[in-house]
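What's in start_36.txt: compact mmCIF, C-alpha atoms
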# COMPACT_ATOMS: atom_id res chain seq x y z
CA MET A 159 -11.84 11.41 23.78
CA ALA A 160 -10.82 7.88 23.05
CA ALA A 161 -8.03 5.61 24.17
CA ILE A 162 -5.76 4.11 21.55
CA PRO A 163 -2.77 1.79 21.90
CA SER A 164 0.67 3.14 22.76
CA ILE A 165 4.00 1.58 23.46
CA ALA A 166 4.65 1.02 27.15
CA CYS A 167 8.09 -0.50 26.88
CA LEU A 168 10.71 -1.35 24.27
CA GLY A 169 13.28 -3.99 25.03
CA VAL A 170 16.32 -5.35 23.23
CA LEU A 171 17.51 -8.78 24.35
CA GLY A 172 20.89 -10.22 23.43
CA LYS A 173 21.58 -13.72 22.21
CA ASN A 174 22.69 -14.77 25.70
CA ASN A 175 19.18 -13.98 26.87
CA ASN A 176 20.59 -10.87 28.48
CA PRO A 177 18.83 -7.51 28.51
CA LEU A 178 20.68 -5.06 26.25
CA HIS A 179 18.34 -2.14 26.47
CA ILE A 180 15.02 -1.27 28.11
CA SER A 181 13.03 1.91 27.49
CA ILE A 182 9.86 2.53 29.49
CA PHE A 183 7.14 4.93 28.42
CA PRO A 184 4.35 6.52 30.45
CA SER A 185 0.71 5.59 29.83
CA GLN A 186 -2.32 7.86 29.98
CA PRO A 187 -4.41 9.02 31.75
CA THR A 188 -2.02 9.24 34.71
CA ASN A 189 1.06 9.79 32.53
CA THR A 190 3.04 7.28 34.55
CA PRO A 191 4.33 3.87 33.50
CA LEU A 192 1.89 1.04 34.17
CA ARG A 193 4.51 -1.10 35.88
CA THR A 194 7.78 -0.65 37.70
CA PRO A 195 11.09 -1.06 35.83
CA LEU A 196 11.60 -4.40 37.57
CA GLN A 197 8.21 -5.66 36.47
CA PHE A 198 8.89 -4.62 32.90
CA SER A 199 12.25 -6.35 33.05
CA LEU A 200 10.54 -9.54 34.24
CA LEU A 201 7.94 -9.22 31.51
CA LEU A 202 10.68 -9.04 28.91
CA SER A 203 12.40 -12.06 30.39
CA SER A 204 9.15 -13.95 30.30
CA THR A 205 9.01 -13.52 26.53
CA LEU A 206 12.28 -15.44 26.11
CA ASP A 207 10.57 -18.80 26.59
CA ILE A 208 7.99 -17.93 24.00
CA PHE A 209 10.68 -16.91 21.53
CA ALA A 210 12.44 -20.22 22.12
CA ALA A 211 9.27 -22.28 21.81
CA ARG A 212 8.18 -20.51 18.66
CA SER A 213 11.54 -20.86 16.90
CA THR A 214 11.65 -24.59 17.65
CA ALA A 215 8.11 -25.00 16.39
CA ASN A 216 8.97 -22.97 13.33
CA VAL A 217 12.08 -24.99 12.50
CA ASN A 218 10.30 -28.31 13.07
CA SER A 219 7.50 -27.39 10.73
CA ASN A 220 9.86 -25.88 8.17
CA GLY A 221 7.97 -22.67 8.61
CA GLY A 222 10.75 -20.44 7.37
CA LEU A 223 11.70 -17.85 9.94
CA SER A 224 10.60 -14.41 9.03
CA GLY A 225 11.78 -12.62 12.13
CA ASP A 226 8.46 -11.12 13.06
CA PHE A 227 6.90 -13.21 15.82
CA GLY A 228 3.77 -11.11 16.07
CA LEU A 229 1.85 -11.28 19.32
CA LEU A 230 3.85 -13.21 21.92
CA HIS A 231 1.38 -13.03 24.75
CA ALA A 232 -1.30 -10.83 26.20
CA ILE A 233 -0.61 -10.12 29.84
CA ASP A 234 -3.85 -8.56 30.97
CA GLU A 235 -6.61 -6.41 29.51
CA ARG A 236 -4.11 -3.63 28.80
CA LEU A 237 -0.63 -4.99 28.13
CA ALA A 238 0.51 -7.25 25.30
CA CYS A 239 3.98 -8.26 24.13
CA TYR A 240 5.07 -8.33 20.48
CA GLY A 241 8.38 -9.73 19.34
CA PHE A 242 10.92 -9.84 16.54
CA GLU A 243 14.04 -11.97 16.32
CA THR A 244 16.99 -11.45 14.00
CA ASN A 245 19.05 -14.32 12.62
CA THR A 246 21.87 -13.43 14.99
CA GLY A 247 19.63 -14.10 17.97
CA VAL A 248 18.97 -10.52 18.98
CA ARG A 249 15.37 -10.03 20.00
CA PHE A 250 13.31 -6.87 19.98
CA VAL A 251 10.24 -6.78 22.19
CA ALA A 252 7.56 -4.12 22.24
CA VAL A 253 5.12 -4.10 25.12
CA VAL A 254 1.96 -2.36 23.99
CA ASP A 255 -0.56 -0.72 26.27
CA VAL A 256 -3.86 -1.11 24.43
CA ARG A 257 -5.30 1.99 26.07
CA GLY A 258 -2.15 3.96 26.63
CA ARG A 259 -2.85 7.15 24.72
CA LEU A 260 -5.79 9.53 24.69
CA VAL A 261 -6.80 11.22 21.47
CA THR A 262 -9.43 13.74 20.49
CA GLY A 263 -10.57 15.00 17.11
CA GLU A 264 -11.66 13.44 13.87
CA ARG A 265 -9.16 10.67 13.46
CA VAL A 266 -10.30 8.58 16.37
CA TYR A 267 -9.62 4.90 16.17
CA GLY A 268 -10.78 4.20 19.70
CA GLY A 269 -11.53 0.59 20.49
CA MET A 270 -10.17 -0.70 17.23
CA GLY A 271 -7.18 -2.27 18.91
CA MET A 272 -4.30 -3.73 16.98
CA ARG A 273 -4.23 -5.02 13.46
CA GLU A 274 -2.03 -7.69 11.99
CA GLY A 275 1.45 -6.46 11.16
CA GLU A 276 0.94 -3.24 13.06
CA MET A 277 4.23 -3.60 14.86
CA LYS A 278 6.33 -4.30 11.75
CA LEU A 279 7.33 -0.68 11.43
CA VAL A 280 8.46 -0.46 15.04
CA PHE A 281 10.69 -3.49 14.65
CA LYS A 282 12.08 -2.23 11.36
CA GLN A 283 13.02 1.03 13.04
CA MET A 284 14.48 -0.73 16.06
CA GLN A 285 16.51 -2.95 13.81
CA ARG A 286 17.76 0.04 11.86
CA ALA A 287 18.81 1.74 15.09
CA TYR A 288 20.55 -1.45 16.19
CA VAL A 289 22.40 -1.73 12.89
CA ARG A 290 23.60 1.85 13.23
CA LEU A 291 24.77 1.06 16.74
CA LEU A 292 26.74 -1.90 15.47
CA GLN A 293 28.40 0.26 12.85
CA ASN A 294 29.88 2.48 15.52
CA PRO A 295 33.46 1.21 15.73
CA PHE A 296 33.62 1.93 19.44
CA TYR A 297 30.72 -0.41 20.17
CA GLU A 298 31.98 -3.89 21.06
CA PRO A 299 29.36 -6.54 20.29
CA ASP A 300 31.41 -9.13 22.15
CA GLU A 301 31.26 -7.19 25.39
CA HIS A 302 27.51 -7.04 25.21
CA SER A 303 26.86 -10.67 24.32
CA PRO A 304 30.04 -12.66 24.94
CA PRO A 305 30.18 -15.62 22.55
CA GLY A 306 29.17 -18.88 24.14
CA GLY A 307 29.10 -17.21 27.50
CA LYS A 308 26.52 -15.79 29.77
CA GLY A 309 25.38 -12.27 30.38
CA GLY A 310 26.88 -9.17 28.87
CA ARG A 311 26.80 -5.46 29.46
CA LYS A 312 23.90 -3.22 28.60
CA ILE A 313 23.98 -0.76 25.73
CA THR A 314 25.14 2.64 26.92
CA SER A 315 24.97 4.56 23.64
CA ARG A 316 23.15 7.84 24.04
CA LYS A 317 22.16 7.93 20.36
CA PHE A 318 20.59 4.49 20.57
CA GLY A 319 18.67 5.43 23.71
CA GLU A 320 17.33 8.57 22.08
CA GLU A 321 16.33 6.63 18.99
CA MET A 322 14.40 4.09 21.09
CA ARG A 323 12.68 6.95 22.90
CA ARG A 324 11.73 8.53 19.60
CA ILE A 325 10.36 5.27 18.20
CA GLY A 326 8.35 4.53 21.33
CA GLU A 327 6.89 8.00 21.65
CA ASN A 328 5.99 8.49 18.01
CA TRP A 329 4.38 5.16 17.29
CA MET A 330 0.63 5.12 16.81
CA PRO A 331 -1.50 2.41 15.36
CA GLY A 332 -1.74 2.91 11.63
CA THR A 333 1.45 4.93 11.32
CA ILE A 334 2.94 4.57 7.91
CA ALA A 335 6.64 4.09 7.34
CA ALA A 336 8.64 7.08 8.52
CA MET B 291 36.82 31.49 -12.37
CA ALA B 292 39.23 28.97 -10.92
CA SER B 293 36.70 27.64 -8.43
CA ALA B 294 34.10 26.68 -11.01
CA LYS B 295 36.73 25.16 -13.21
CA ALA B 296 38.06 23.06 -10.36
CA ALA B 297 34.56 21.90 -9.53
CA ARG B 298 33.98 20.85 -13.11
CA LEU B 299 37.26 19.01 -13.24
CA GLY B 300 36.54 17.20 -9.98
CA GLU B 301 33.12 16.19 -11.18
CA GLU B 302 34.48 14.88 -14.44
CA VAL B 303 37.24 12.83 -12.87
CA TRP B 304 34.87 11.43 -10.26
CA LYS B 305 32.47 10.33 -12.96
CA SER B 306 34.83 8.88 -15.48
CA ARG B 307 38.17 7.94 -13.99
CA VAL B 308 37.64 6.70 -10.46
CA ASP B 309 37.03 3.16 -9.27
CA LYS B 310 34.27 3.24 -6.69
CA VAL B 311 34.09 1.24 -3.52
CA ASN B 312 31.29 0.67 -1.06
CA ALA B 313 31.12 3.56 1.41
CA GLU B 314 30.36 1.38 4.40
CA LEU B 315 33.45 -0.68 3.75
CA VAL B 316 35.56 2.46 3.97
CA THR B 317 33.75 3.73 7.05
CA LEU B 318 34.00 0.43 8.87
CA THR B 319 37.62 -0.13 7.93
CA TYR B 320 38.66 3.29 9.14
CA GLY B 321 36.50 2.96 12.25
CA THR B 322 37.92 -0.40 13.21
CA MET B 323 41.40 0.94 12.77
CA VAL B 324 40.83 3.95 14.99
CA ALA B 325 39.12 1.82 17.62
CA GLN B 326 42.01 -0.63 17.54
CA LEU B 327 44.54 2.19 17.89
CA CYS B 328 42.65 3.44 20.92
CA LYS B 329 42.90 -0.03 22.42
CA ASP B 330 46.56 -0.52 21.54
CA TYR B 331 47.55 2.81 23.05
CA GLU B 332 45.28 2.21 26.04
CA SER B 333 43.15 5.26 25.29
CA ASP B 334 46.06 7.64 25.06
CA TYR B 335 44.15 9.73 22.55
CA LEU B 336 46.91 12.25 21.97
CA GLU B 337 49.10 9.40 20.81
CA VAL B 338 46.26 8.05 18.67
CA ASN B 339 45.95 11.45 16.99
CA LYS B 340 49.65 11.38 16.29
CA GLN B 341 49.52 7.88 14.81
CA LEU B 342 46.55 8.75 12.60
CA ASP B 343 48.40 11.79 11.36
CA LYS B 344 51.46 9.70 10.62
CA MET B 345 49.45 7.11 8.68
CA GLY B 346 47.75 9.88 6.79
CA TYR B 347 51.13 11.37 5.96
CA ASN B 348 52.23 8.08 4.44
CA ILE B 349 49.04 7.89 2.45
CA GLY B 350 49.43 11.46 1.28
CA LEU B 351 52.94 10.86 -0.04
CA ARG B 352 51.57 8.19 -2.36
CA LEU B 353 48.12 9.57 -3.02
CA ILE B 354 49.40 12.78 -4.57
CA GLU B 355 50.84 10.84 -7.46
CA ASP B 356 47.49 9.23 -8.15
CA TYR B 357 45.81 12.61 -7.79
CA LEU B 358 48.11 14.22 -10.33
CA ALA B 359 47.65 11.36 -12.77
CA LYS B 360 43.86 11.34 -12.51
CA SER B 361 43.34 15.07 -12.56
CA ASN B 362 45.79 15.56 -15.42
CA THR B 363 46.95 18.86 -14.03
CA MET B 364 50.42 19.58 -15.19
CA LYS B 365 50.46 23.23 -14.36
CA ARG B 366 51.17 24.46 -10.89
CA CYS B 367 48.68 26.28 -8.73
CA VAL B 368 49.45 29.96 -9.04
CA ASN B 369 48.87 30.70 -5.36
CA PHE B 370 47.77 29.07 -2.13
CA LYS B 371 44.14 30.05 -2.78
CA ASP B 372 44.28 28.06 -5.97
CA THR B 373 45.70 25.14 -4.03
CA ALA B 374 42.83 25.28 -1.57
CA GLU B 375 40.31 25.14 -4.40
CA MET B 376 42.01 22.13 -5.91
CA ILE B 377 42.19 20.33 -2.56
CA SER B 378 38.52 20.77 -1.88
CA LYS B 379 36.94 20.52 -5.31
CA VAL B 380 39.24 18.01 -6.96
CA GLY B 381 41.16 16.17 -4.23
CA PHE B 382 38.37 15.46 -1.78
CA LYS B 383 35.92 15.14 -4.63
CA ILE B 384 37.70 12.38 -6.49
CA PHE B 385 38.73 10.36 -3.46
CA LEU B 386 35.70 10.77 -1.23
CA ASN B 387 33.07 12.50 -3.34
CA ILE B 388 32.78 15.39 -0.91
CA THR B 389 33.70 19.04 -1.35
CA PRO B 390 34.52 20.69 1.96
CA THR B 391 33.78 24.41 2.09
CA ILE B 392 36.75 26.76 2.09
CA THR B 393 36.43 29.69 4.49
CA SER B 394 38.14 31.91 7.02
CA TRP B 395 41.15 33.03 5.03
CA THR B 396 43.62 35.11 6.93
CA SER B 397 44.54 38.42 5.33
CA ASP B 398 47.96 37.15 4.22
CA ASN B 399 46.28 34.28 2.35
CA LYS B 400 48.31 31.71 4.16
CA GLN B 401 45.70 30.09 6.36
CA PHE B 402 42.25 28.75 5.67
CA SER B 403 39.63 26.43 7.06
CA LEU B 404 37.90 23.48 5.49
CA ILE B 405 34.40 22.85 6.78
CA PHE B 406 33.26 19.26 6.34
CA GLU B 407 29.48 19.21 5.98
CA GLU B 408 29.67 15.49 5.50
CA ASN B 409 32.43 13.17 6.51
CA PRO B 410 32.29 9.61 5.19
CA LEU B 411 34.83 8.47 7.76
CA ALA B 412 32.68 9.47 10.68
CA ASP B 413 29.30 8.05 9.72
CA PHE B 414 27.68 6.09 12.58
CA VAL B 415 30.48 7.02 14.97
CA GLU B 416 29.90 7.85 18.60
CA LEU B 417 33.04 8.63 20.56
CA PRO B 418 33.70 6.54 23.68
CA ASP B 419 31.97 7.96 26.71
CA ASP B 420 34.96 8.06 29.02
CA GLY B 421 35.07 11.79 29.58
CA ARG B 422 38.34 12.21 27.68
CA ALA B 423 37.73 11.09 24.11
CA GLN B 424 35.36 14.03 23.60
CA ASP B 425 38.14 16.46 24.45
CA GLU B 426 41.21 14.71 23.15
CA LEU B 427 40.53 12.45 20.19
CA TRP B 428 40.39 13.91 16.69
CA TYR B 429 38.64 11.02 15.03
CA SER B 430 39.35 12.03 11.43
CA ASN B 431 42.90 13.17 12.11
CA MET B 432 44.15 11.08 9.22
CA PHE B 433 42.94 13.80 6.84
CA CYS B 434 45.46 16.21 8.33
CA GLY B 435 48.30 13.84 7.64
CA VAL B 436 47.11 13.16 4.12
CA LEU B 437 47.13 16.85 3.26
CA ARG B 438 50.49 17.39 4.92
CA GLY B 439 52.05 14.47 3.05
CA ALA B 440 50.50 15.25 -0.31
CA LEU B 441 51.39 18.92 -0.26
CA GLU B 442 54.90 18.22 0.87
CA MET B 443 55.43 16.25 -2.32
CA VAL B 444 54.52 19.30 -4.36
CA GLN B 445 56.86 21.65 -2.50
CA MET B 446 54.53 23.01 0.12
CA GLN B 447 55.13 22.64 3.78
CA VAL B 448 51.83 22.97 5.61
CA GLU B 449 50.48 22.47 9.07
CA ALA B 450 46.98 21.04 9.40
CA HIS B 451 44.86 20.30 12.42
CA PHE B 452 41.21 20.00 13.36
CA ILE B 453 39.72 22.73 15.50
CA SER B 454 36.20 21.34 15.84
CA ASP B 455 34.32 18.12 15.14
CA VAL B 456 30.63 17.32 15.17
CA LEU B 457 31.51 14.05 16.91
CA ARG B 458 32.60 16.12 19.90
CA GLY B 459 29.33 17.99 19.90
CA ASN B 460 30.55 21.02 17.95
CA ASP B 461 28.31 22.52 15.28
CA THR B 462 30.75 21.93 12.46
CA THR B 463 33.75 19.83 11.57
CA GLU B 464 36.51 22.29 10.76
CA MET B 465 40.12 21.80 9.79
CA ARG B 466 42.66 24.62 9.84
CA ILE B 467 45.42 24.55 7.28
CA SER B 468 48.37 26.92 7.30
CA LEU B 469 51.09 27.28 4.76
CA ILE B 470 54.48 27.39 6.42
CA ARG B 471 56.65 27.82 3.38
CA TYR B 472 57.27 26.73 -0.16
CA ILE B 473 60.07 24.22 -0.18
CA ASP B 474 62.61 25.27 -2.78
CA ASP B 475 64.35 22.58 -4.67
CA GLU B 476 67.26 22.38 -2.34
CA MET B 477 70.71 21.68 -3.58
CA PRO B 478 72.67 19.00 -1.83
CA VAL B 479 74.97 20.70 0.65
CA ASP B 480 78.29 19.69 -0.82
CA ASP B 481 77.40 20.17 -4.41
CA ASP B 482 78.84 23.32 -5.93

Write the structure described by the file as structure tokens, please.
Amino acid sequence: MAAIPSIACLGVLGKNNNPLHISIFPSQPTNTPLRTPLQFSLLLSSTLDIFAARSTANVNSNGGLSGDFGLLHAIDERLACYGFETNTGVRFVAVVDVRGRLVTGERVYGGMGMREGEMKLVFKQMQRAYVRLLQNPFYEPDEHSPPGGKGGRKITSRKFGEEMRRIGENWMPGTIAA
Amino acid sequence: MASAKAARLGEEVWKSRVDKVNAELVTLTYGTMVAQLCKDYESDYLEVNKQLDKMGYNIGLRLIEDYLAKSNTMKRCVNFKDTAEMISKVGFKIFLNITPTITSWTSDNKQFSLIFEENPLADFVELPDDGRAQDELWYSNMFCGVLRGALEMVQMQVEAHFISDVLRGNDTTEMRISLIRYIDDEMPVDDD
């Protein structure tokens, strides 16, 4: 038996720094989330400053934005936040629990932790789900992130929620594009 | 066999004589229009269905001419079954590159169903979650109007409506089409 990383929370943040979607996943061995929904929400908000700081740094150094921000910050010995920002200012955050899943058998990667670029796939899938959401004609982007304004409503799409759940539950370190 | 011949014809026209356009453009254009109609009629979905049907009708009136030109079919369909084959395998094929399945004929051969396994208009769509759209809105209702309009131009009065839609959570998207009558070339009333 070994503990490998799992996703503890997936968040989508709008360009008005408003939460659009939050999915929380249970961690092993207790099979309950590590934090309360409020704490996760605060964690996601805390990444906003890092996003802002990194983009400024990136622009100043002509770094060429790639979207993938990699590790944003490590919160404690278990949780770490990874981020991705699109050019329209929508941010995807994945909070990873480094020991969130228990595995047995031959393919045990226990203790190996996270490799570079490990989260790319998750963000690609989240972005794909978000694009599909935008293509639904009944989804109003302006209601969710009013231009120039503040706030915005959360995403209520059932399909999108299910997709986030699927992404969060299926991800494992070393998963190859699905 | 008429069916295989129709399929071949549809395939050929689709390959050689049709200008193609990006599918997402079509999907998004249609989607935006339906969404806007829902807004304009303040979510009176029955009215939206009616408007979609009307627009479709106007498209059908014009589209049939293009269909006849492209498919080069000068001879009439011998019966309504033949018509159904041509609608599915040539009509839908050349305009949307889909071939809905024809099923559920009534014994008098005047009613059939088209099952849409894929529907380019409805990609990505999720109906509004207001408790009514799922029961009232026929998202692709324009198709009904198109068929009604097109067939009317070739002397067939039909009635078409959807009876199920995957967007509503049904297993299939099914349209029911019934032939009401063949319109004879009517003489003007006062012309002896």

Set the cut-off to 6 Å and count only C-alpha atoms: what are the residues of chain A that reach chain B? Output as a list in words.
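Close to chain B, chain A has Arg290, Gln293, Asn294, Pro295 and Phe296 of chain A.
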
Could you give me, as a PyMOL selection string, the residues within 7 Å of range 434-444 of chain B, counting all atoms listed in the file and dropping anything in the same chain fewer than 3 positions from it?
chain B and resi 343-351+353-354+431+447-451

Fewer than 5 positions away in the same chain doesn't count, so skip those; otherwise give me all residues within 10 Å of Gly228 in chain A, counting all atoms listed in the file, as number ranges by chain.
A: 239-242, 251, 274-278

Which of these, A:Leu260, A:Val289, A:Ala160, A:Leu201, has the shortest distance to Ile180 in chain A once you count all atoms listed in the file?
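The shortest atom-to-atom distance to Ile180 in chain A comes from A:Leu201.
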
Could you jot down the CA of Asn328 in chain A to CA of Thr188 in chain A separation for me, Å, one decimal place?
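Going from CA of Asn328 in chain A over to CA of Thr188 in chain A covers 18.5 Å.
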
Between CA of Arg249 in chain A and CA of Gly169 in chain A, what distance in Å does the model show, to one decimal?
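Taking CA of Arg249 in chain A as the start and CA of Gly169 in chain A as the end point, the length is 8.1 Å.
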
Let me make sure I understand: among A:Arg316, A:Lys308, A:Arg259, A:Lys282, which one has the smallest atom-to-atom distance to Phe183 in chain A if we use only C-alpha atoms?
A:Arg259

Work out how far CA of Glu337 in chain B is from CA of Lys317 in chain A, in Å to one decimal.
27.0 Å

For a quick check of your reading of the model, name the residues lying within 12 Å of the coordinate (12.3, -4.2, 36.3), counting only C-alpha atoms, and write them as a list of chain:residue names.
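Here the neighbourhood of the point contains A:Cys167, A:Gly169, A:Pro177, A:His179, A:Ile180, A:Ser181, A:Ile182, A:Pro191, A:Leu192, A:Arg193, A:Thr194, A:Pro195, A:Leu196, A:Gln197, A:Phe198, A:Ser199, A:Leu200, A:Leu201, A:Leu202, A:Ser203, A:Ser204.
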
Which residue gives the smallest distance to Ala359 in chain B among B:Ala374, B:Leu411, B:Ile467, B:Val308, with all atoms listed in the file counted?
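Closest to Ala359 in chain B of all the choices is B:Val308.
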
Can you complete the atoms of range 286-295 of chain A to all heavy atoms and list them as a PDB file, in the frame of the given file?
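Output file part-v2.pdb is given in full below:
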ATOM      1  N   ARG A 286      16.906  -0.943  12.514  1.00  0.00           N
ATOM      2  CA  ARG A 286      17.760   0.040  11.860  1.00  0.00           C
ATOM      3  C   ARG A 286      18.649   0.737  12.898  1.00  0.00           C
ATOM      4  O   ARG A 286      19.837   0.932  12.692  1.00  0.00           O
ATOM      5  CB  ARG A 286      16.900   1.069  11.125  1.00  0.00           C
ATOM      6  CG  ARG A 286      17.700   1.830  10.071  1.00  0.00           C
ATOM      7  CD  ARG A 286      16.877   2.914   9.407  1.00  0.00           C
ATOM      8  NE  ARG A 286      15.581   2.452   8.934  1.00  0.00           N
ATOM      9  CZ  ARG A 286      14.510   3.241   8.800  1.00  0.00           C
ATOM     10  NH1 ARG A 286      14.582   4.518   9.101  1.00  0.00           N
ATOM     11  NH2 ARG A 286      13.372   2.752   8.371  1.00  0.00           N
ATOM     12  N   ALA A 287      18.040   1.085  14.025  1.00  0.00           N
ATOM     13  CA  ALA A 287      18.810   1.740  15.090  1.00  0.00           C
ATOM     14  C   ALA A 287      19.910   0.806  15.594  1.00  0.00           C
ATOM     15  O   ALA A 287      21.036   1.226  15.863  1.00  0.00           O
ATOM     16  CB  ALA A 287      17.896   2.135  16.238  1.00  0.00           C
ATOM     17  N   TYR A 288      19.569  -0.478  15.700  1.00  0.00           N
ATOM     18  CA  TYR A 288      20.550  -1.450  16.190  1.00  0.00           C
ATOM     19  C   TYR A 288      21.700  -1.623  15.194  1.00  0.00           C
ATOM     20  O   TYR A 288      22.864  -1.718  15.586  1.00  0.00           O
ATOM     21  CB  TYR A 288      19.846  -2.786  16.460  1.00  0.00           C
ATOM     22  CG  TYR A 288      20.747  -3.812  17.105  1.00  0.00           C
ATOM     23  CD1 TYR A 288      21.182  -3.647  18.419  1.00  0.00           C
ATOM     24  CD2 TYR A 288      21.181  -4.933  16.408  1.00  0.00           C
ATOM     25  CE1 TYR A 288      22.018  -4.558  19.016  1.00  0.00           C
ATOM     26  CE2 TYR A 288      22.025  -5.863  16.996  1.00  0.00           C
ATOM     27  CZ  TYR A 288      22.436  -5.675  18.299  1.00  0.00           C
ATOM     28  OH  TYR A 288      23.281  -6.580  18.890  1.00  0.00           O
ATOM     29  N   VAL A 289      21.357  -1.614  13.909  1.00  0.00           N
ATOM     30  CA  VAL A 289      22.400  -1.730  12.890  1.00  0.00           C
ATOM     31  C   VAL A 289      23.340  -0.530  12.966  1.00  0.00           C
ATOM     32  O   VAL A 289      24.556  -0.662  12.921  1.00  0.00           O
ATOM     33  CB  VAL A 289      21.766  -1.825  11.476  1.00  0.00           C
ATOM     34  CG1 VAL A 289      22.828  -1.678  10.399  1.00  0.00           C
ATOM     35  CG2 VAL A 289      21.051  -3.151  11.315  1.00  0.00           C
ATOM     36  N   ARG A 290      22.772   0.642  13.130  1.00  0.00           N
ATOM     37  CA  ARG A 290      23.600   1.850  13.230  1.00  0.00           C
ATOM     38  C   ARG A 290      24.504   1.761  14.453  1.00  0.00           C
ATOM     39  O   ARG A 290      25.648   2.188  14.425  1.00  0.00           O
ATOM     40  CB  ARG A 290      22.728   3.098  13.346  1.00  0.00           C
ATOM     41  CG  ARG A 290      21.834   3.320  12.145  1.00  0.00           C
ATOM     42  CD  ARG A 290      21.468   4.766  12.061  1.00  0.00           C
ATOM     43  NE  ARG A 290      22.670   5.539  11.784  1.00  0.00           N
ATOM     44  CZ  ARG A 290      22.778   6.417  10.812  1.00  0.00           C
ATOM     45  NH1 ARG A 290      21.774   6.638  10.034  1.00  0.00           N
ATOM     46  NH2 ARG A 290      23.897   7.077  10.628  1.00  0.00           N
ATOM     47  N   LEU A 291      23.970   1.220  15.521  1.00  0.00           N
ATOM     48  CA  LEU A 291      24.770   1.060  16.740  1.00  0.00           C
ATOM     49  C   LEU A 291      25.951   0.146  16.476  1.00  0.00           C
ATOM     50  O   LEU A 291      27.081   0.425  16.868  1.00  0.00           O
ATOM     51  CB  LEU A 291      23.878   0.480  17.841  1.00  0.00           C
ATOM     52  CG  LEU A 291      24.582   0.109  19.136  1.00  0.00           C
ATOM     53  CD1 LEU A 291      24.826   1.357  19.960  1.00  0.00           C
ATOM     54  CD2 LEU A 291      23.762  -0.886  19.932  1.00  0.00           C
ATOM     55  N   LEU A 292      25.680  -0.938  15.762  1.00  0.00           N
ATOM     56  CA  LEU A 292      26.740  -1.900  15.470  1.00  0.00           C
ATOM     57  C   LEU A 292      27.814  -1.294  14.586  1.00  0.00           C
ATOM     58  O   LEU A 292      28.969  -1.694  14.622  1.00  0.00           O
ATOM     59  CB  LEU A 292      26.164  -3.129  14.768  1.00  0.00           C
ATOM     60  CG  LEU A 292      25.413  -4.108  15.653  1.00  0.00           C
ATOM     61  CD1 LEU A 292      24.836  -5.218  14.805  1.00  0.00           C
ATOM     62  CD2 LEU A 292      26.318  -4.694  16.702  1.00  0.00           C
ATOM     63  N   GLN A 293      27.430  -0.324  13.769  1.00  0.00           N
ATOM     64  CA  GLN A 293      28.400   0.260  12.850  1.00  0.00           C
ATOM     65  C   GLN A 293      29.318   1.250  13.542  1.00  0.00           C
ATOM     66  O   GLN A 293      30.305   1.681  12.976  1.00  0.00           O
ATOM     67  CB  GLN A 293      27.672   0.928  11.701  1.00  0.00           C
ATOM     68  CG  GLN A 293      26.845  -0.084  10.929  1.00  0.00           C
ATOM     69  CD  GLN A 293      26.644   0.313   9.502  1.00  0.00           C
ATOM     70  OE1 GLN A 293      27.098   1.334   9.084  1.00  0.00           O
ATOM     71  NE2 GLN A 293      25.966  -0.508   8.738  1.00  0.00           N
ATOM     72  N   ASN A 294      28.980   1.617  14.763  1.00  0.00           N
ATOM     73  CA  ASN A 294      29.880   2.480  15.520  1.00  0.00           C
ATOM     74  C   ASN A 294      31.098   1.651  15.930  1.00  0.00           C
ATOM     75  O   ASN A 294      30.972   0.679  16.651  1.00  0.00           O
ATOM     76  CB  ASN A 294      29.150   3.002  16.759  1.00  0.00           C
ATOM     77  CG  ASN A 294      30.079   3.782  17.672  1.00  0.00           C
ATOM     78  OD1 ASN A 294      31.176   4.154  17.274  1.00  0.00           O
ATOM     79  ND2 ASN A 294      29.631   4.004  18.886  1.00  0.00           N
ATOM     80  N   PRO A 295      32.277   2.046  15.469  1.00  0.00           N
ATOM     81  CA  PRO A 295      33.460   1.210  15.730  1.00  0.00           C
ATOM     82  C   PRO A 295      33.797   1.088  17.221  1.00  0.00           C
ATOM     83  O   PRO A 295      34.514   0.177  17.603  1.00  0.00           O
ATOM     84  CB  PRO A 295      34.577   1.926  14.985  1.00  0.00           C
ATOM     85  CG  PRO A 295      34.087   3.304  14.750  1.00  0.00           C
ATOM     86  CD  PRO A 295      32.607   3.225  14.665  1.00  0.00           C
TER      87      PRO A 295
END
